[in-house]
Every structure is written in C-alpha cells, then in structure tokens.
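Structure file protein-v3.csv (CSV, N, CA and C atoms) follows.
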chain,number,residue,atom,x,y,z
R,609,MET,N,-20.9,6.9,-7.6
R,609,MET,CA,-21.4,6.5,-6.4
R,609,MET,C,-20.3,6.1,-5.4
R,610,LYS,N,-20.5,6.6,-4.1
R,610,LYS,CA,-19.5,6.3,-3.1
R,610,LYS,C,-19.6,4.9,-2.6
R,611,ASP,N,-18.5,4.3,-2.2
R,611,ASP,CA,-18.5,3.1,-1.5
R,611,ASP,C,-18.9,3.3,0.0
R,612,ILE,N,-19.8,2.5,0.4
R,612,ILE,CA,-20.3,2.6,1.8
R,612,ILE,C,-19.6,1.5,2.7
R,613,PRO,N,-18.9,2.0,3.7
R,613,PRO,CA,-18.2,1.0,4.5
R,613,PRO,C,-19.2,0.2,5.4
R,614,PHE,N,-18.9,-1.1,5.5
R,614,PHE,CA,-19.7,-2.0,6.4
R,614,PHE,C,-18.8,-3.1,7.0
R,615,ILE,N,-19.3,-3.6,8.1
R,615,ILE,CA,-18.6,-4.8,8.7
R,615,ILE,C,-19.7,-5.9,8.9
R,616,VAL,N,-19.3,-7.1,8.5
R,616,VAL,CA,-20.2,-8.2,8.7
R,616,VAL,C,-19.8,-8.9,10.0
R,617,GLN,N,-20.8,-9.3,10.8
R,617,GLN,CA,-20.5,-10.0,12.0
R,617,GLN,C,-19.6,-9.1,12.9
R,618,ALA,N,-20.0,-7.9,13.1
R,618,ALA,CA,-19.2,-6.9,13.9
R,618,ALA,C,-19.4,-7.3,15.4
R,619,PRO,N,-18.3,-7.5,16.1
R,619,PRO,CA,-18.3,-7.8,17.5
R,619,PRO,C,-18.7,-6.6,18.4
R,620,ILE,N,-19.4,-6.9,19.4
R,620,ILE,CA,-19.8,-5.9,20.4
R,620,ILE,C,-19.1,-6.3,21.7
R,621,PRO,N,-18.2,-5.5,22.2
R,621,PRO,CA,-17.6,-5.9,23.5
R,621,PRO,C,-18.6,-5.5,24.7
R,622,ILE,N,-18.5,-6.2,25.7
R,622,ILE,CA,-19.4,-6.0,26.9
R,622,ILE,C,-18.6,-6.0,28.2
R,623,GLN,N,-18.9,-5.0,29.0
R,623,GLN,CA,-18.2,-5.0,30.3
R,623,GLN,C,-19.3,-4.9,31.4
R,624,TYR,N,-19.1,-5.8,32.4
R,624,TYR,CA,-20.0,-5.8,33.6
R,624,TYR,C,-19.1,-5.9,34.8
R,625,LYS,N,-19.2,-4.9,35.6
R,625,LYS,CA,-18.3,-4.8,36.8
R,625,LYS,C,-16.9,-4.9,36.3
R,626,ASP,N,-16.2,-6.0,36.8
R,626,ASP,CA,-14.8,-6.2,36.5
R,626,ASP,C,-14.6,-7.2,35.3
R,627,ILE,N,-15.7,-7.6,34.8
R,627,ILE,CA,-15.6,-8.7,33.7
R,627,ILE,C,-15.8,-8.0,32.4
R,628,LYS,N,-14.8,-8.2,31.5
R,628,LYS,CA,-14.9,-7.7,30.1
R,628,LYS,C,-14.9,-8.8,29.1
R,629,LEU,N,-15.9,-8.8,28.2
R,629,LEU,CA,-15.9,-9.8,27.1
R,629,LEU,C,-15.7,-9.0,25.8
R,630,GLU,N,-14.6,-9.4,25.1
R,630,GLU,CA,-14.3,-8.7,23.9
R,630,GLU,C,-15.4,-8.9,22.8
R,631,CYS,N,-16.1,-10.0,22.8
R,631,CYS,CA,-17.1,-10.3,21.8
R,631,CYS,C,-18.3,-10.9,22.5
R,632,GLY,N,-19.1,-10.1,23.2
R,632,GLY,CA,-20.3,-10.6,23.8
R,632,GLY,C,-21.4,-10.9,22.9
R,633,TYR,N,-21.6,-10.0,21.9
R,633,TYR,CA,-22.6,-10.2,20.8
R,633,TYR,C,-21.9,-9.9,19.5
R,634,ARG,N,-22.7,-10.3,18.4
R,634,ARG,CA,-22.2,-10.0,17.0
R,634,ARG,C,-23.4,-9.4,16.2
R,635,LEU,N,-23.1,-8.3,15.7
R,635,LEU,CA,-24.1,-7.7,14.8
R,635,LEU,C,-24.1,-8.3,13.4
R,636,ASP,N,-25.2,-8.5,12.8
R,636,ASP,CA,-25.2,-9.1,11.4
R,636,ASP,C,-24.4,-8.2,10.5
R,637,PHE,N,-24.8,-6.9,10.5
R,637,PHE,CA,-24.1,-5.9,9.7
R,637,PHE,C,-24.1,-4.6,10.4
R,638,LEU,N,-22.9,-3.9,10.4
R,638,LEU,CA,-22.8,-2.6,10.9
R,638,LEU,C,-22.4,-1.7,9.7
R,639,VAL,N,-23.3,-0.8,9.3
R,639,VAL,CA,-23.1,0.0,8.1
R,639,VAL,C,-22.6,1.4,8.5
R,640,ASP,N,-21.4,1.8,8.0
R,640,ASP,CA,-20.9,3.1,8.2
R,640,ASP,C,-20.9,3.6,9.7
R,641,ASP,N,-20.8,2.7,10.6
R,641,ASP,CA,-20.8,3.0,12.0
R,641,ASP,C,-22.0,3.8,12.5
R,642,CYS,N,-23.1,3.7,11.7
R,642,CYS,CA,-24.3,4.5,12.1
R,642,CYS,C,-25.6,3.7,11.9
R,643,LEU,N,-25.6,2.5,11.4
R,643,LEU,CA,-26.8,1.7,11.1
R,643,LEU,C,-26.5,0.2,11.4
R,644,ILE,N,-27.4,-0.4,12.2
R,644,ILE,CA,-27.3,-1.8,12.4
R,644,ILE,C,-28.4,-2.5,11.6
R,645,LEU,N,-28.0,-3.5,10.9
R,645,LEU,CA,-28.9,-4.4,10.1
R,645,LEU,C,-28.9,-5.7,10.8
R,646,GLU,N,-30.1,-6.2,11.2
R,646,GLU,CA,-30.2,-7.5,11.8
R,646,GLU,C,-31.2,-8.3,10.9
R,647,LEU,N,-30.6,-9.4,10.3
R,647,LEU,CA,-31.3,-10.1,9.3
R,647,LEU,C,-31.9,-11.4,9.9
R,648,LYS,N,-33.2,-11.7,9.5
R,648,LYS,CA,-33.9,-12.9,10.0
R,648,LYS,C,-34.6,-13.5,8.8
R,649,SER,N,-34.9,-14.8,8.9
R,649,SER,CA,-35.8,-15.5,8.0
R,649,SER,C,-36.6,-16.4,8.8
R,650,VAL,N,-37.7,-15.8,9.4
R,650,VAL,CA,-38.6,-16.5,10.3
R,650,VAL,C,-40.0,-16.3,9.8
R,651,GLU,N,-40.9,-17.2,10.3
R,651,GLU,CA,-42.3,-17.1,9.9
R,651,GLU,C,-42.9,-15.7,10.4
R,652,LYS,N,-42.5,-15.3,11.6
R,652,LYS,CA,-43.0,-14.1,12.2
R,652,LYS,C,-42.0,-13.5,13.1
R,653,LEU,N,-41.8,-12.2,13.0
R,653,LEU,CA,-40.9,-11.5,14.0
R,653,LEU,C,-41.5,-11.5,15.4
R,654,LEU,N,-40.7,-11.9,16.4
R,654,LEU,CA,-41.2,-12.0,17.7
R,654,LEU,C,-40.6,-10.9,18.6
R,655,LYS,N,-41.1,-10.8,19.8
R,655,LYS,CA,-40.6,-9.8,20.7
R,655,LYS,C,-39.1,-10.0,21.0
R,656,ILE,N,-38.7,-11.2,21.0
R,656,ILE,CA,-37.3,-11.5,21.3
R,656,ILE,C,-36.4,-10.9,20.2
R,657,HIS,N,-36.8,-10.9,19.0
R,657,HIS,CA,-36.1,-10.2,17.9
R,657,HIS,C,-36.0,-8.7,18.1
R,658,GLU,N,-37.1,-8.1,18.5
R,658,GLU,CA,-37.1,-6.7,18.8
R,658,GLU,C,-36.2,-6.4,20.0
R,659,ALA,N,-36.2,-7.2,21.0
R,659,ALA,CA,-35.4,-7.0,22.2
R,659,ALA,C,-33.9,-7.1,21.8
R,660,GLN,N,-33.6,-8.0,20.9
R,660,GLN,CA,-32.2,-8.2,20.4
R,660,GLN,C,-31.7,-6.9,19.8
R,661,ILE,N,-32.4,-6.4,18.8
R,661,ILE,CA,-31.9,-5.2,18.1
R,661,ILE,C,-31.9,-4.0,19.1
R,662,LEU,N,-32.9,-3.9,20.0
R,662,LEU,CA,-32.9,-2.8,20.9
R,662,LEU,C,-31.7,-2.9,21.9
R,663,THR,N,-31.3,-4.1,22.3
R,663,THR,CA,-30.1,-4.3,23.1
R,663,THR,C,-28.8,-3.9,22.3
R,664,TYR,N,-28.8,-4.2,21.1
R,664,TYR,CA,-27.6,-3.9,20.2
R,664,TYR,C,-27.5,-2.3,20.1
R,665,LEU,N,-28.6,-1.7,19.9
R,665,LEU,CA,-28.6,-0.2,19.8
R,665,LEU,C,-28.1,0.4,21.1
R,666,LYS,N,-28.6,-0.1,22.2
R,666,LYS,CA,-28.2,0.5,23.5
R,666,LYS,C,-26.7,0.2,23.8
R,667,LEU,N,-26.2,-1.0,23.5
R,667,LEU,CA,-24.8,-1.3,23.8
R,667,LEU,C,-23.8,-0.5,22.9
R,668,THR,N,-24.2,-0.3,21.6
R,668,THR,CA,-23.3,0.4,20.7
R,668,THR,C,-23.5,1.9,20.6
R,669,HIS,N,-24.5,2.4,21.3
R,669,HIS,CA,-24.8,3.9,21.2
R,669,HIS,C,-25.1,4.3,19.8
R,670,ILE,N,-25.5,3.4,18.9
R,670,ILE,CA,-26.0,3.7,17.6
R,670,ILE,C,-27.5,4.0,17.6
R,671,SER,N,-27.9,5.0,16.8
R,671,SER,CA,-29.3,5.4,17.0
R,671,SER,C,-30.3,4.7,16.1
R,672,THR,N,-29.9,4.1,15.0
R,672,THR,CA,-30.8,3.5,14.1
R,672,THR,C,-30.5,2.1,13.7
R,673,GLY,N,-31.6,1.2,13.7
R,673,GLY,CA,-31.4,-0.2,13.3
R,673,GLY,C,-32.6,-0.6,12.5
R,674,LEU,N,-32.3,-1.6,11.6
R,674,LEU,CA,-33.3,-2.2,10.8
R,674,LEU,C,-33.3,-3.7,11.1
R,675,LEU,N,-34.5,-4.2,11.4
R,675,LEU,CA,-34.8,-5.6,11.6
R,675,LEU,C,-35.5,-6.1,10.3
R,676,ILE,N,-34.8,-6.9,9.5
R,676,ILE,CA,-35.4,-7.3,8.2
R,676,ILE,C,-35.7,-8.8,8.2
R,677,ASN,N,-36.9,-9.2,7.9
R,677,ASN,CA,-37.3,-10.6,7.9
R,677,ASN,C,-37.5,-10.9,6.4
R,678,PHE,N,-36.6,-11.8,5.9
R,678,PHE,CA,-36.7,-12.2,4.5
R,678,PHE,C,-37.8,-13.2,4.2
R,679,ASN,N,-38.5,-13.7,5.2
R,679,ASN,CA,-39.5,-14.7,5.0
R,679,ASN,C,-40.9,-14.0,4.9
R,680,ALA,N,-41.0,-12.7,4.7
R,680,ALA,CA,-42.3,-12.1,4.6
R,680,ALA,C,-42.8,-12.2,3.2
R,681,SER,N,-44.1,-12.2,3.0
R,681,SER,CA,-44.7,-12.4,1.7
R,681,SER,C,-44.2,-11.2,0.8
R,682,ARG,N,-44.1,-10.0,1.3
R,682,ARG,CA,-43.5,-8.9,0.6
R,682,ARG,C,-42.5,-8.3,1.5
R,683,LEU,N,-41.3,-8.1,0.9
R,683,LEU,CA,-40.1,-7.7,1.7
R,683,LEU,C,-40.4,-6.4,2.5
R,684,VAL,N,-41.2,-5.5,1.8
R,684,VAL,CA,-41.5,-4.2,2.5
R,684,VAL,C,-42.2,-4.5,3.8
R,685,ASN,N,-43.0,-5.5,3.9
R,685,ASN,CA,-43.7,-5.9,5.1
R,685,ASN,C,-42.8,-6.5,6.2
R,686,GLY,N,-41.6,-6.9,5.8
R,686,GLY,CA,-40.7,-7.6,6.7
R,686,GLY,C,-39.6,-6.7,7.3
R,687,ILE,N,-39.8,-5.3,7.0
R,687,ILE,CA,-38.7,-4.4,7.5
R,687,ILE,C,-39.3,-3.5,8.6
R,688,LYS,N,-38.6,-3.5,9.7
R,688,LYS,CA,-39.0,-2.6,10.8
R,688,LYS,C,-37.8,-1.8,11.2
R,689,ARG,N,-38.1,-0.5,11.4
R,689,ARG,CA,-37.0,0.5,11.8
R,689,ARG,C,-37.1,0.8,13.3
R,690,TYR,N,-35.9,0.8,13.9
R,690,TYR,CA,-35.9,1.1,15.4
R,690,TYR,C,-35.0,2.3,15.6
R,691,LYS,N,-35.4,3.2,16.5
R,691,LYS,CA,-34.6,4.3,16.9
R,691,LYS,C,-34.3,4.2,18.4
R,692,ARG,N,-33.1,4.7,18.8
R,692,ARG,CA,-32.8,4.7,20.2
R,692,ARG,C,-33.1,6.1,20.8

Please express what this file holds, its structure, as structure tokens.
Amino acid sequence: MKDIPFIVQAPIPIQYKDIKLECGYRLDFLVDDCLILELKSVEKLLKIHEAQILTYLKLTHISTGLLINFNASRLVNGIKRYKR
C-alpha cells in the first residue's frame, strides 16, 4: 500500500488588492493536494460549515472536499461531499 501524503492545519494564503496574508485560513487536512477534509463535532452541520468548506475549495482551486461530523449517530450520516 502506498503512503498518501497529507498536511495537517495547512495554511491558505489570501490576497486582497495590495494586502497579502500568508495564513488567512487553515485547512484541517489537505490530502495529496487534491482533497480537503474539514472535521467537526457538532450537534448538527449548519450553513456556516458548508460556507466554510466551499470557501476553502474556491481559494485553493481544489475540486473535492469532505465535511465530516463525528457527532452524528452514524458516521456515514455525518459525511458530506462537496465539489467545486
């Protein structure tokens, strides 16, 4: 089995006009530079959580993200996939 590269707390630089922030946001996990994992443990996923992962997908130009809520009664019910 191959090792799959990943980065924990991967920084996302942001630039707006002349202002550049080296670390505007941090991804929970960036897997193989092609998948964002955003982990939560909340009673219910809210629109703000969806907006967060969609923003990350847009800023990084990565096409796929998983929003995972570990507080779901069944883990399979706590996983949502997003495509850009």

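The gap separating atom N of Pro621 of chain R from atom C of Gly673 of chain R is 18.0 Å, in Å to one decimal.
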
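Going from atom N of Leu667 of chain R to atom N of Tyr633 of chain R covers 10.2 Å.
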
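Nearest residue to Ser649 of chain R, choosing from R:Val616, R:Ile622, R:Lys666, R:Asn677 and counting only C-alpha atoms: R:Asn677.
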
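Coordinates place atom CA of Glu651 of chain R at a distance of 26.8 Å from atom N of Ile620 of chain R.
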
Shell of 12 Å around Val639 of chain R, only C-alpha atoms, local chain residues under 6 positions omitted, as a PyMOL selection string: chain R and resi 611-618+645-646+670+672-674

Take the residues from that selection and put them in a file with N, CA and C atoms, as a PDB file, in the coordinates of the input.
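The result, stored in selection-v4.pdb:
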ATOM      1  N   ASP R 611     -18.500   4.300  -2.200  1.00  0.00           N
ATOM      2  CA  ASP R 611     -18.500   3.100  -1.500  1.00  0.00           C
ATOM      3  C   ASP R 611     -18.900   3.300   0.000  1.00  0.00           C
ATOM      4  N   ILE R 612     -19.800   2.500   0.400  1.00  0.00           N
ATOM      5  CA  ILE R 612     -20.300   2.600   1.800  1.00  0.00           C
ATOM      6  C   ILE R 612     -19.600   1.500   2.700  1.00  0.00           C
ATOM      7  N   PRO R 613     -18.900   2.000   3.700  1.00  0.00           N
ATOM      8  CA  PRO R 613     -18.200   1.000   4.500  1.00  0.00           C
ATOM      9  C   PRO R 613     -19.200   0.200   5.400  1.00  0.00           C
ATOM     10  N   PHE R 614     -18.900  -1.100   5.500  1.00  0.00           N
ATOM     11  CA  PHE R 614     -19.700  -2.000   6.400  1.00  0.00           C
ATOM     12  C   PHE R 614     -18.800  -3.100   7.000  1.00  0.00           C
ATOM     13  N   ILE R 615     -19.300  -3.600   8.100  1.00  0.00           N
ATOM     14  CA  ILE R 615     -18.600  -4.800   8.700  1.00  0.00           C
ATOM     15  C   ILE R 615     -19.700  -5.900   8.900  1.00  0.00           C
ATOM     16  N   VAL R 616     -19.300  -7.100   8.500  1.00  0.00           N
ATOM     17  CA  VAL R 616     -20.200  -8.200   8.700  1.00  0.00           C
ATOM     18  C   VAL R 616     -19.800  -8.900  10.000  1.00  0.00           C
ATOM     19  N   GLN R 617     -20.800  -9.300  10.800  1.00  0.00           N
ATOM     20  CA  GLN R 617     -20.500 -10.000  12.000  1.00  0.00           C
ATOM     21  C   GLN R 617     -19.600  -9.100  12.900  1.00  0.00           C
ATOM     22  N   ALA R 618     -20.000  -7.900  13.100  1.00  0.00           N
ATOM     23  CA  ALA R 618     -19.200  -6.900  13.900  1.00  0.00           C
ATOM     24  C   ALA R 618     -19.400  -7.300  15.400  1.00  0.00           C
ATOM     25  N   LEU R 645     -28.000  -3.500  10.900  1.00  0.00           N
ATOM     26  CA  LEU R 645     -28.900  -4.400  10.100  1.00  0.00           C
ATOM     27  C   LEU R 645     -28.900  -5.700  10.800  1.00  0.00           C
ATOM     28  N   GLU R 646     -30.100  -6.200  11.200  1.00  0.00           N
ATOM     29  CA  GLU R 646     -30.200  -7.500  11.800  1.00  0.00           C
ATOM     30  C   GLU R 646     -31.200  -8.300  10.900  1.00  0.00           C
ATOM     31  N   ILE R 670     -25.500   3.400  18.900  1.00  0.00           N
ATOM     32  CA  ILE R 670     -26.000   3.700  17.600  1.00  0.00           C
ATOM     33  C   ILE R 670     -27.500   4.000  17.600  1.00  0.00           C
ATOM     34  N   THR R 672     -29.900   4.100  15.000  1.00  0.00           N
ATOM     35  CA  THR R 672     -30.800   3.500  14.100  1.00  0.00           C
ATOM     36  C   THR R 672     -30.500   2.100  13.700  1.00  0.00           C
ATOM     37  N   GLY R 673     -31.600   1.200  13.700  1.00  0.00           N
ATOM     38  CA  GLY R 673     -31.400  -0.200  13.300  1.00  0.00           C
ATOM     39  C   GLY R 673     -32.600  -0.600  12.500  1.00  0.00           C
ATOM     40  N   LEU R 674     -32.300  -1.600  11.600  1.00  0.00           N
ATOM     41  CA  LEU R 674     -33.300  -2.200  10.800  1.00  0.00           C
ATOM     42  C   LEU R 674     -33.300  -3.700  11.100  1.00  0.00           C
TER      43      LEU R 674
END

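Compared by their closest atoms to Phe678 of chain R, and using all atoms listed in the file, the residues R:Leu635, R:Ile656, R:Ile627, R:Leu647 rank with R:Leu647 nearest.
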
Nearest-residue call for Leu653 of chain R, choices R:Glu630, R:Ser671, R:Lys625, R:Gly686, using all atoms listed in the file: R:Gly686

Among listed residues R:Lys652, R:Ile676, R:Leu662, R:Lys628, nearest Lys691 of chain R (using only N, CA and C atoms): R:Leu662

Residue set, chain R restricted to strand (DSSP E or B), as an MDAnalysis selection string: chainID R and resid 614:624 627:639 643:648 672:677 687:691

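The nearest approach to Tyr690 of chain R among the residues R:Thr668, R:Pro619, R:Leu638, R:Ile661, with only N, CA and C atoms taken into account, belongs to R:Ile661.
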
Box for segment 663-670 of chain R: with edges along x, y and z, all listed atoms inside and 4 Å added on each side, what are the centre and edge lengths in Å to one decimal, as lines of an AutoDock Vina configuration file?
center_x = -27.3
center_y = 0.0
center_z = 20.7
size_x = 16.0
size_y = 16.6
size_z = 14.2

Backbone-only DSSP, alpha helix (DSSP H) members of chain R, as a ChimeraX atom specification: /R:655-668

Nearest candidate to Arg692 of chain R (options R:Glu658, R:His669, R:Asn679, R:Asp641; using all atoms listed in the file): R:His669
